[in-house]
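The file run.json comes next; it holds JSON, C-alpha atoms.
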[["chain", "number", "residue", "atom", "x", "y", "z"],
["K", 339, "ALA", "CA", 14.68, -1.44, 17.47],
["K", 340, "ALA", "CA", 15.83, -5.05, 17.85],
["K", 341, "LEU", "CA", 14.64, -5.89, 14.33],
["K", 342, "ALA", "CA", 16.45, -2.85, 12.91],
["K", 343, "LEU", "CA", 19.67, -3.88, 14.68],
["K", 344, "ALA", "CA", 19.33, -7.45, 13.39],
["K", 345, "SER", "CA", 18.80, -6.16, 9.85],
["K", 346, "ALA", "CA", 21.82, -3.86, 10.12],
["K", 347, "ALA", "CA", 23.95, -6.74, 11.44],
["K", 348, "GLU", "CA", 22.82, -8.99, 8.59],
["K", 349, "HIS", "CA", 23.67, -6.34, 5.97],
["K", 350, "ALA", "CA", 27.05, -5.75, 7.60],
["K", 351, "TRP", "CA", 27.80, -9.49, 7.45],
["K", 352, "VAL", "CA", 26.81, -9.58, 3.77],
["K", 353, "TRP", "CA", 29.15, -6.66, 3.06],
["K", 354, "ALA", "CA", 31.97, -8.27, 5.05],
["K", 355, "SER", "CA", 31.54, -11.56, 3.17],
["K", 356, "GLY", "CA", 32.14, -9.89, -0.19],
["K", 357, "GLY", "CA", 28.59, -8.85, -1.00],
["K", 358, "ASP", "CA", 27.26, -12.39, -1.41],
["K", 359, "PRO", "CA", 23.56, -12.44, -0.40],
["K", 360, "ASP", "CA", 23.50, -16.25, -0.31],
["K", 361, "ASN", "CA", 25.19, -16.75, 3.05],
["K", 362, "THR", "CA", 24.43, -18.53, 6.30],
["K", 363, "THR", "CA", 22.97, -15.42, 7.99],
["K", 364, "ILE", "CA", 19.91, -15.26, 5.72],
["K", 365, "PRO", "CA", 18.04, -18.24, 7.33],
["K", 366, "VAL", "CA", 18.92, -16.93, 10.80],
["K", 367, "PHE", "CA", 17.64, -13.48, 9.94],
["K", 368, "ALA", "CA", 14.43, -14.95, 8.44],
["K", 369, "VAL", "CA", 13.80, -16.96, 11.63],
["K", 370, "LEU", "CA", 14.41, -13.88, 13.80],
["K", 371, "VAL", "CA", 11.96, -11.82, 11.73],
["K", 372, "SER", "CA", 9.30, -14.55, 11.90],
["K", 373, "VAL", "CA", 9.66, -14.97, 15.67],
["K", 374, "TRP", "CA", 9.68, -11.20, 16.26],
["K", 375, "CYS", "CA", 6.53, -10.66, 14.17],
["K", 376, "THR", "CA", 4.69, -13.46, 15.99],
["K", 377, "LEU", "CA", 5.70, -12.24, 19.45],
["K", 378, "PHE", "CA", 4.86, -8.65, 18.59],
["K", 379, "LEU", "CA", 1.38, -9.60, 17.33],
["K", 380, "GLU", "CA", 0.60, -11.75, 20.37],
["K", 381, "ALA", "CA", 1.90, -9.08, 22.75],
["K", 382, "TRP", "CA", -0.30, -6.50, 21.07],
["K", 383, "LYS", "CA", -3.36, -8.77, 21.39],
["K", 384, "ARG", "CA", -2.64, -9.16, 25.09],
["K", 385, "LYS", "CA", -2.15, -5.43, 25.56],
["K", 386, "SER", "CA", -5.34, -4.68, 23.63],
["K", 387, "ASN", "CA", -7.38, -7.08, 25.76],
["K", 388, "VAL", "CA", -5.96, -5.57, 28.97],
["K", 389, "ILE", "CA", -6.85, -2.05, 27.85],
["K", 390, "SER", "CA", -10.29, -3.17, 26.70],
["K", 391, "PHE", "CA", -10.98, -4.79, 30.10],
["K", 392, "ARG", "CA", -9.62, -1.79, 32.02],
["K", 393, "TRP", "CA", -11.79, 0.69, 30.11],
["K", 394, "ASN", "CA", -14.82, -1.62, 29.90],
["K", 395, "THR", "CA", -15.03, -1.51, 26.11],
["K", 396, "ASP", "CA", -15.54, -5.22, 25.42],
["K", 397, "ASP", "CA", -18.97, -4.53, 23.90],
["K", 398, "ALA", "CA", -17.95, -1.29, 22.20],
["K", 399, "ASP", "CA", -19.10, -2.53, 18.80],
["K", 400, "MET", "CA", -22.65, -2.98, 20.17],
["K", 401, "VAL", "CA", -22.95, 0.52, 21.63],
["K", 402, "GLN", "CA", -21.38, 2.45, 18.79],
["K", 403, "PRO", "CA", -23.35, 5.65, 18.06],
["K", 404, "PHE", "CA", -24.86, 6.28, 14.65],
["K", 405, "ARG", "CA", -22.68, 8.11, 12.16],
["K", 406, "PRO", "CA", -24.08, 11.54, 11.20],
["K", 407, "GLU", "CA", -23.79, 10.52, 7.53],
["K", 408, "PHE", "CA", -25.88, 7.42, 8.28],
["K", 409, "ILE", "CA", -28.68, 9.36, 9.98],
["K", 410, "ALA", "CA", -28.74, 12.00, 7.21],
["K", 411, "HIS", "CA", -29.00, 9.45, 4.38],
["K", 412, "LYS", "CA", -32.21, 9.72, 2.35],
["K", 413, "GLY", "CA", -32.61, 5.96, 1.89],
["K", 414, "LEU", "CA", -33.25, 5.19, 5.56],
["K", 415, "SER", "CA", -36.46, 3.84, 7.06],
["K", 416, "GLN", "CA", -37.65, 3.44, 10.66],
["K", 417, "ARG", "CA", -37.88, -0.11, 12.01],
["K", 418, "ARG", "CA", -38.19, -1.81, 15.39],
["K", 419, "GLY", "CA", -35.17, -3.88, 16.34],
["K", 420, "LEU", "CA", -31.70, -3.98, 17.87],
["K", 421, "TYR", "CA", -28.23, -3.52, 16.51],
["K", 422, "THR", "CA", -25.77, -6.20, 17.67],
["K", 423, "SER", "CA", -22.26, -7.23, 16.72],
["K", 424, "ARG", "CA", -23.80, -9.51, 14.06],
["K", 425, "GLY", "CA", -25.90, -6.77, 12.53],
["K", 426, "PHE", "CA", -29.51, -5.65, 12.80],
["K", 427, "VAL", "CA", -32.00, -7.96, 14.56],
["K", 428, "PRO", "CA", -35.61, -7.05, 13.69],
["K", 429, "VAL", "CA", -38.22, -7.30, 16.48],
["K", 430, "ASP", "CA", -41.31, -5.98, 14.72],
["K", 431, "GLU", "CA", -43.82, -7.69, 17.04],
["K", 432, "ASP", "CA", -42.50, -6.09, 20.25],
["K", 433, "MET", "CA", -44.19, -2.68, 20.42],
["K", 434, "ARG", "CA", -42.21, -1.72, 23.54],
["K", 435, "LEU", "CA", -39.03, -1.21, 21.56],
["K", 436, "PRO", "CA", -38.51, 2.16, 19.89],
["K", 437, "THR", "CA", -37.93, 2.44, 16.17],
["K", 438, "VAL", "CA", -34.37, 3.00, 14.95],
["K", 439, "PRO", "CA", -32.93, 4.16, 11.63],
["K", 440, "TYR", "CA", -32.53, 1.20, 9.29],
["K", 441, "TYR", "CA", -30.84, 0.80, 5.91],
["K", 442, "SER", "CA", -31.87, -2.15, 3.76],
["K", 443, "GLU", "CA", -29.31, -4.96, 3.83],
["K", 444, "THR", "CA", -30.32, -5.95, 0.30],
["K", 445, "ARG", "CA", -29.55, -2.47, -0.99],
["K", 446, "ARG", "CA", -26.21, -2.45, 0.82],
["K", 447, "ALA", "CA", -25.36, -5.85, -0.67],
["K", 448, "CYS", "CA", -26.06, -4.51, -4.17],
["K", 449, "VAL", "CA", -23.84, -1.49, -3.53],
["K", 450, "MET", "CA", -21.05, -3.71, -2.17],
["K", 451, "ALA", "CA", -21.30, -5.94, -5.25],
["K", 452, "ALA", "CA", -20.90, -2.89, -7.48],
["K", 453, "ASN", "CA", -17.95, -1.73, -5.37],
["K", 454, "PHE", "CA", -16.38, -5.18, -5.73],
["K", 455, "ALA", "CA", -16.68, -4.89, -9.52],
["K", 456, "VAL", "CA", -14.97, -1.48, -9.43],
["K", 457, "THR", "CA", -12.21, -2.95, -7.26],
["K", 458, "LEU", "CA", -11.66, -5.79, -9.73],
["K", 459, "LEU", "CA", -11.49, -3.26, -12.57],
["K", 460, "LEU", "CA", -8.77, -1.27, -10.82],
["K", 461, "VAL", "CA", -6.90, -4.48, -9.96],
["K", 462, "ALA", "CA", -6.98, -5.33, -13.68],
["K", 463, "VAL", "CA", -5.63, -1.85, -14.45],
["K", 464, "VAL", "CA", -2.80, -2.40, -11.96],
["K", 465, "THR", "CA", -2.00, -5.80, -13.47],
["K", 466, "ALA", "CA", -1.95, -4.35, -16.98],
["K", 467, "ALA", "CA", 0.30, -1.49, -15.85],
["K", 468, "VAL", "CA", 2.79, -3.84, -14.19],
["K", 469, "LEU", "CA", 2.90, -6.17, -17.19],
["K", 470, "GLY", "CA", 3.28, -3.12, -19.44],
["K", 471, "VAL", "CA", 6.36, -2.09, -17.46],
["K", 472, "PHE", "CA", 7.91, -5.53, -17.95],
["K", 473, "ALA", "CA", 7.06, -5.39, -21.66],
["K", 474, "PHE", "CA", 8.80, -2.00, -21.83],
["K", 475, "LYS", "CA", 11.82, -3.65, -20.21],
["K", 476, "LEU", "CA", 11.90, -6.16, -23.06],
["K", 477, "VAL", "CA", 11.68, -3.32, -25.57],
["K", 478, "LEU", "CA", 14.68, -1.64, -23.92],
["K", 479, "ARG", "CA", 16.65, -4.87, -24.19],
["K", 480, "ALA", "CA", 15.68, -5.57, -27.82],
["K", 481, "SER", "CA", 16.04, -2.03, -29.18],
["K", 482, "ARG", "CA", 18.96, -1.32, -31.46],
["K", 483, "ALA", "CA", 18.71, 2.44, -30.94],
["K", 484, "PRO", "CA", 21.54, 3.70, -28.71],
["K", 485, "VAL", "CA", 19.11, 5.92, -26.81],
["K", 486, "LEU", "CA", 16.76, 3.08, -25.87],
["K", 487, "HIS", "CA", 18.99, 0.02, -25.66],
["K", 488, "LEU", "CA", 19.98, -1.04, -22.16],
["K", 489, "GLU", "CA", 21.78, -4.02, -20.77],
["K", 490, "PRO", "CA", 19.56, -6.53, -18.90],
["K", 491, "ALA", "CA", 20.79, -5.44, -15.46],
["K", 492, "TRP", "CA", 20.13, -1.75, -16.18],
["K", 493, "ALA", "CA", 16.78, -2.58, -17.79],
["K", 494, "ALA", "CA", 15.83, -4.39, -14.58],
["K", 495, "ASN", "CA", 16.64, -1.25, -12.57],
["K", 496, "VAL", "CA", 14.55, 0.94, -14.90],
["K", 497, "ALA", "CA", 11.64, -1.51, -14.68],
["K", 498, "ALA", "CA", 11.90, -1.55, -10.87],
["K", 499, "LEU", "CA", 11.83, 2.25, -10.78],
["K", 500, "LEU", "CA", 8.79, 2.43, -13.07],
["K", 501, "ASN", "CA", 7.01, -0.27, -11.07],
["K", 502, "THR", "CA", 7.62, 1.67, -7.85],
["K", 503, "LEU", "CA", 6.17, 4.83, -9.40],
["K", 504, "VAL", "CA", 3.12, 2.90, -10.67],
["K", 505, "ILE", "CA", 2.58, 1.31, -7.24],
["K", 506, "SER", "CA", 2.80, 4.67, -5.45],
["K", 507, "PHE", "CA", 0.46, 6.37, -7.94],
["K", 508, "MET", "CA", -2.17, 3.61, -7.82],
["K", 509, "ASN", "CA", -2.08, 3.57, -4.01],
["K", 510, "LEU", "CA", -2.74, 7.31, -4.06],
["K", 511, "VAL", "CA", -5.64, 6.88, -6.50],
["K", 512, "TRP", "CA", -7.11, 4.02, -4.49],
["K", 513, "ALA", "CA", -7.00, 6.05, -1.26],
["K", 514, "HIS", "CA", -9.55, 8.45, -2.76],
["K", 515, "VAL", "CA", -11.59, 5.85, -4.67],
["K", 516, "SER", "CA", -11.94, 3.49, -1.68],
["K", 517, "LEU", "CA", -13.11, 6.35, 0.54],
["K", 518, "TYR", "CA", -15.79, 7.29, -1.99],
["K", 519, "LEU", "CA", -16.92, 3.67, -2.40],
["K", 520, "ASN", "CA", -17.05, 3.24, 1.37],
["K", 521, "HIS", "CA", -19.39, 6.23, 1.73],
["K", 522, "LEU", "CA", -21.79, 4.61, -0.76],
["K", 523, "GLU", "CA", -22.24, 1.58, 1.52],
["K", 524, "VAL", "CA", -23.92, 3.71, 4.26],
["K", 525, "HIS", "CA", -22.33, 2.11, 7.31],
["K", 526, "ARG", "CA", -24.10, 2.62, 10.65],
["K", 527, "SER", "CA", -21.10, 3.23, 12.93],
["K", 528, "ASP", "CA", -17.57, 4.53, 12.60],
["K", 529, "MET", "CA", -16.23, 1.08, 13.50],
["K", 530, "ASP", "CA", -18.12, -0.56, 10.61],
["K", 531, "PHE", "CA", -16.94, 2.19, 8.29],
["K", 532, "GLU", "CA", -13.30, 1.78, 9.30],
["K", 533, "LYS", "CA", -13.40, -2.02, 9.08],
["K", 534, "SER", "CA", -14.81, -1.91, 5.55],
["K", 535, "LEU", "CA", -12.25, 0.71, 4.50],
["K", 536, "ALA", "CA", -9.41, -1.35, 5.99],
["K", 537, "VAL", "CA", -10.48, -4.46, 4.04],
["K", 538, "LYS", "CA", -10.61, -2.51, 0.77],
["K", 539, "THR", "CA", -7.26, -0.85, 1.39],
["K", 540, "PHE", "CA", -5.50, -4.06, 2.39],
["K", 541, "ALA", "CA", -6.89, -6.12, -0.50],
["K", 542, "PHE", "CA", -5.98, -3.58, -3.18],
["K", 543, "GLN", "CA", -2.58, -2.66, -1.80],
["K", 544, "PHE", "CA", -1.67, -6.34, -1.42],
["K", 545, "VAL", "CA", -2.22, -6.93, -5.14],
["K", 546, "ASN", "CA", -0.71, -3.59, -6.12],
["K", 547, "SER", "CA", 2.43, -4.01, -4.04],
["K", 548, "TYR", "CA", 3.19, -7.70, -4.60],
["K", 549, "ILE", "CA", 2.07, -8.57, -8.13],
["K", 550, "SER", "CA", 5.41, -7.47, -9.58],
["K", 551, "LEU", "CA", 7.26, -9.55, -6.97],
["K", 552, "PHE", "CA", 5.14, -12.63, -7.74],
["K", 553, "TYR", "CA", 5.84, -12.14, -11.44],
["K", 554, "LEU", "CA", 9.60, -11.96, -10.87],
["K", 555, "ALA", "CA", 9.57, -14.94, -8.51],
["K", 556, "PHE", "CA", 7.34, -17.37, -10.43],
["K", 557, "VAL", "CA", 6.93, -16.22, -14.05],
["K", 558, "ALA", "CA", 10.09, -14.45, -15.22],
["K", 559, "GLY", "CA", 12.20, -17.57, -14.68],
["K", 560, "LEU", "CA", 9.98, -19.63, -17.02],
["K", 561, "ARG", "CA", 11.20, -17.64, -20.06],
["K", 562, "VAL", "CA", 7.76, -17.41, -21.63],
["K", 563, "ASN", "CA", 6.85, -14.92, -24.34],
["K", 564, "LEU", "CA", 3.92, -13.18, -22.68],
["K", 565, "PHE", "CA", 3.99, -9.87, -24.47],
["K", 566, "GLY", "CA", 4.45, -10.67, -28.16],
["K", 567, "VAL", "CA", 7.74, -8.76, -28.38],
["K", 568, "HIS", "CA", 10.09, -10.00, -31.13],
["K", 569, "THR", "CA", 13.66, -9.22, -32.11],
["K", 570, "GLU", "CA", 14.57, -7.76, -35.49],
["K", 571, "SER", "CA", 15.22, -11.30, -36.77],
["K", 572, "GLY", "CA", 11.64, -12.29, -35.87],
["K", 573, "GLU", "CA", 12.46, -14.47, -32.90],
["K", 574, "PRO", "CA", 10.27, -14.07, -29.79],
["K", 575, "LEU", "CA", 11.98, -12.10, -27.06],
["K", 576, "ARG", "CA", 11.43, -14.10, -23.92],
["K", 577, "ASP", "CA", 11.50, -12.45, -20.52],
["K", 578, "GLU", "CA", 14.13, -13.85, -18.22],
["K", 579, "CYS", "CA", 15.89, -12.94, -15.03],
["K", 580, "PRO", "CA", 18.90, -10.63, -15.50],
["K", 581, "VAL", "CA", 22.53, -11.39, -14.79],
["K", 582, "PRO", "CA", 23.67, -9.43, -11.71],
["K", 583, "ALA", "CA", 25.61, -6.26, -12.52],
["K", 584, "ASP", "CA", 28.07, -7.14, -9.75],
["K", 585, "THR", "CA", 30.07, -10.19, -10.81],
["K", 586, "ALA", "CA", 30.57, -11.08, -7.13],
["K", 587, "MET", "CA", 26.87, -12.03, -7.04],
["K", 588, "GLY", "CA", 27.26, -14.48, -9.91],
["K", 589, "THR", "CA", 27.37, -14.59, -13.70],
["K", 590, "GLU", "CA", 24.18, -16.58, -14.33],
["K", 591, "PRO", "CA", 20.62, -15.23, -14.69],
["K", 592, "ASP", "CA", 19.28, -14.85, -11.17],
["K", 593, "CYS", "CA", 15.62, -14.17, -10.29],
["K", 594, "LEU", "CA", 16.61, -13.44, -6.69],
["K", 595, "TYR", "CA", 18.72, -10.58, -8.00],
["K", 596, "ALA", "CA", 15.67, -9.18, -9.84],
["K", 597, "LEU", "CA", 13.65, -9.47, -6.63],
["K", 598, "HIS", "CA", 16.46, -7.75, -4.75],
["K", 599, "VAL", "CA", 16.46, -4.85, -7.22],
["K", 600, "GLN", "CA", 12.67, -4.46, -7.04],
["K", 601, "MET", "CA", 12.54, -4.60, -3.23],
["K", 602, "ARG", "CA", 15.46, -2.19, -2.91],
["K", 603, "MET", "CA", 13.75, 0.33, -5.18],
["K", 604, "LEU", "CA", 10.44, -0.02, -3.32],
["K", 605, "ILE", "CA", 12.01, 0.47, 0.09],
["K", 606, "LEU", "CA", 14.27, 3.35, -0.88],
["K", 607, "ILE", "CA", 11.69, 5.40, -2.77],
["K", 608, "ARG", "CA", 8.62, 4.78, -0.59],
["K", 609, "GLN", "CA", 10.48, 5.24, 2.68],
["K", 610, "GLY", "CA", 12.29, 8.25, 1.24],
["K", 611, "VAL", "CA", 9.00, 9.88, 0.29],
["K", 612, "ARG", "CA", 7.52, 9.20, 3.74],
["K", 613, "HIS", "CA", 10.55, 10.66, 5.49],
["K", 614, "LEU", "CA", 10.45, 13.67, 3.18],
["K", 615, "GLN", "CA", 6.81, 14.27, 4.10],
["K", 616, "VAL", "CA", 7.80, 14.34, 7.76],
["K", 617, "LEU", "CA", 10.97, 16.39, 7.38],
["K", 618, "ALA", "CA", 9.76, 18.90, 4.77],
["K", 619, "PRO", "CA", 7.68, 21.01, 7.22],
["K", 620, "LEU", "CA", 10.56, 21.03, 9.72],
["K", 621, "LEU", "CA", 13.06, 22.08, 7.07],
["K", 622, "PHE", "CA", 10.73, 24.78, 5.78],
["K", 623, "ALA", "CA", 10.22, 26.13, 9.31],
["K", 624, "ALA", "CA", 13.99, 26.24, 9.81],
["K", 625, "VAL", "CA", 14.72, 27.92, 6.47],
["K", 626, "ARG", "CA", 11.78, 30.34, 6.45],
["K", 627, "PRO", "CA", 13.35, 32.99, 8.78],
["K", 628, "TRP", "CA", 16.50, 33.03, 6.63],
["K", 629, "LEU", "CA", 14.42, 33.42, 3.46],
["K", 630, "CYS", "CA", 12.43, 36.25, 5.03],
["K", 631, "ARG", "CA", 15.60, 38.09, 6.02],
["K", 632, "TRP", "CA", 17.09, 37.60, 2.57],
["K", 633, "TRP", "CA", 13.90, 38.86, 0.94],
["K", 634, "ARG", "CA", 13.85, 42.02, 3.09],
["K", 635, "ASN", "CA", 17.52, 42.77, 2.40],
["K", 636, "GLU", "CA", 18.09, 41.59, -1.17],
["K", 637, "ALA", "CA", 14.77, 41.78, -3.02],
["K", 638, "PRO", "CA", 14.05, 44.90, -5.15],
["K", 639, "PRO", "CA", 11.81, 47.50, -3.48],
["K", 640, "HIS", "CA", 8.98, 47.11, -6.00],
["K", 641, "ALA", "CA", 9.02, 43.30, -5.49],
["K", 642, "ARG", "CA", 8.82, 43.69, -1.71],
["K", 643, "LYS", "CA", 5.97, 46.13, -2.12],
["K", 644, "ASP", "CA", 4.07, 43.79, -4.44],
["K", 645, "ALA", "CA", 4.58, 40.87, -2.06]]

Can I see the file as structure tokens?
Amino acid sequence: AALALASAAEHAWVWASGGDPDNTTIPVFAVLVSVWCTLFLEAWKRKSNVISFRWNTDDADMVQPFRPEFIAHKGLSQRRGLYTSRGFVPVDEDMRLPTVPYYSETRRACVMAANFAVTLLLVAVVTAAVLGVFAFKLVLRASRAPVLHLEPAWAANVAALLNTLVISFMNLVWAHVSLYLNHLEVHRSDMDFEKSLAVKTFAFQFVNSYISLFYLAFVAGLRVNLFGVHTESGEPLRDECPVPADTAMGTEPDCLYALHVQMRMLILIRQGVRHLQVLAPLLFAAVRPWLCRWWRNEAPPHARKDA
């Protein structure tokens, strides 16, 4: 709540100062966000340790039960040993220990290497898609056709919208692909399964969500011809940061403005979709009685009978 209030206050100050984002409140807001994130993380660590001590779950990773999918896997063997937080410890010479289900670490390493290759392939697809969107932005700027030609500021907004759609779609695809790849690794416990899935999800979504921002921050301002797009006169069309649509933000090409457009589109669309997912069932439950009454009173008799 405090962070939301600070953000609202910062935006109000920007609006009151004529819409200039380069004002003295930005460093203060950045410091507040950094301090809040650090304090929140440390407070959560403290709270987690207190709960772990209270419920006696400090060694929970050592006593995790076997996953049903792990026990039912056909590639298991029986071996004497112990499972610890560092993995399986074989004790073949001690006949007093019972045998436990065991999956070859070498086989799991081979599967994880194959999964890593698939992850790199999808990261390359994401990179190509993002660069393709920026190339399409150059085409919109260079086109002489009235239908396709857009001013640089509007082309930046279109590219930000397309990038947001690509990011959302690839995150949806990766949610299913990562789950399938994780099942192939045959993890022993639910904790191991969830840790591996979290690493895959974080690594892919980091690249997917931030590659466009890194491009705008560090590459677009160099004015390099990455895509081979040329004007009608044959000159290379170099990508560059757009001039802000609002003259109050300046009249020179500004990469921070491009970052602002991309971040604004990401926040608005992704948060809007998430809120819609939460509110849609509530709205449907509120509207459904009215629709049912309308259908009983207004629909034709044969339609009501068929329904």

For K:Val515, which of K:Leu535, K:Met450, K:Leu604, K:Val557 is the closest residue, counting all atoms listed in the file?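 Distance minimum relative to K:Val515 lands on K:Leu535.
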
Selected residue, from K:Asn387, K:Asn563, K:Gln615, K:Asn453, that lies nearest to K:Leu575 when counting all atoms listed in the file: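 Selected residue with least distance to K:Leu575: K:Asn563.
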
Can you work out which one of K:Val438, K:Leu629, K:Leu614, K:Leu469 has the shortest atom-to-atom distance to K:Phe408, counting only C-alpha atoms?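 When distances to K:Phe408 are compared using only C-alpha atoms, the smallest one comes from K:Val438.
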
Distance in Å - atom CA of K:Val511 versus atom CA of K:Glu407: 23.2 Å

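The smallest atom-to-atom distance between K:Phe474 and any of K:Asn501, K:Ser415, K:Ser386, K:Thr395, using all atoms listed in the file, is found for K:Asn501.
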
Up to 12 Å from (-42.1, 0.2, 20.8) in the file's coordinates: name the residues, counting only C-alpha atoms, as a ChimeraX atom specification. /K:416-420,429-438

Option closest in space to K:Asp530, from K:Arg424, K:Cys375, K:Leu597, K:Arg445 [counting all atoms listed in the file]: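 Nearest to K:Asp530: K:Arg424.
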
So how far away is atom CA of K:Ala513 from atom CA of K:Thr444, in Å? 26.3 Å

May I ask for the distance between atom CA of K:Leu594 and atom CA of K:Gly572, given in Å to one decimal place?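 If I compute the distance from atom CA of K:Leu594 to atom CA of K:Gly572, I get 29.6 Å.
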
Any idea what's packed within 10 Å of K:Thr457, counting all atoms listed in the file, ignoring anything in its chain fewer than 2 positions away? Could you give it as an NGL selection string? :K and (451-455 or 459-463 or 512 or 515-516 or 519 or 538 or 541-542)

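With only C-alpha atoms as the atoms that count, the minimum distance from K:Leu500 to the choices K:Gln600, K:Val477, K:Gly413, K:His514 is reached by K:Gln600.
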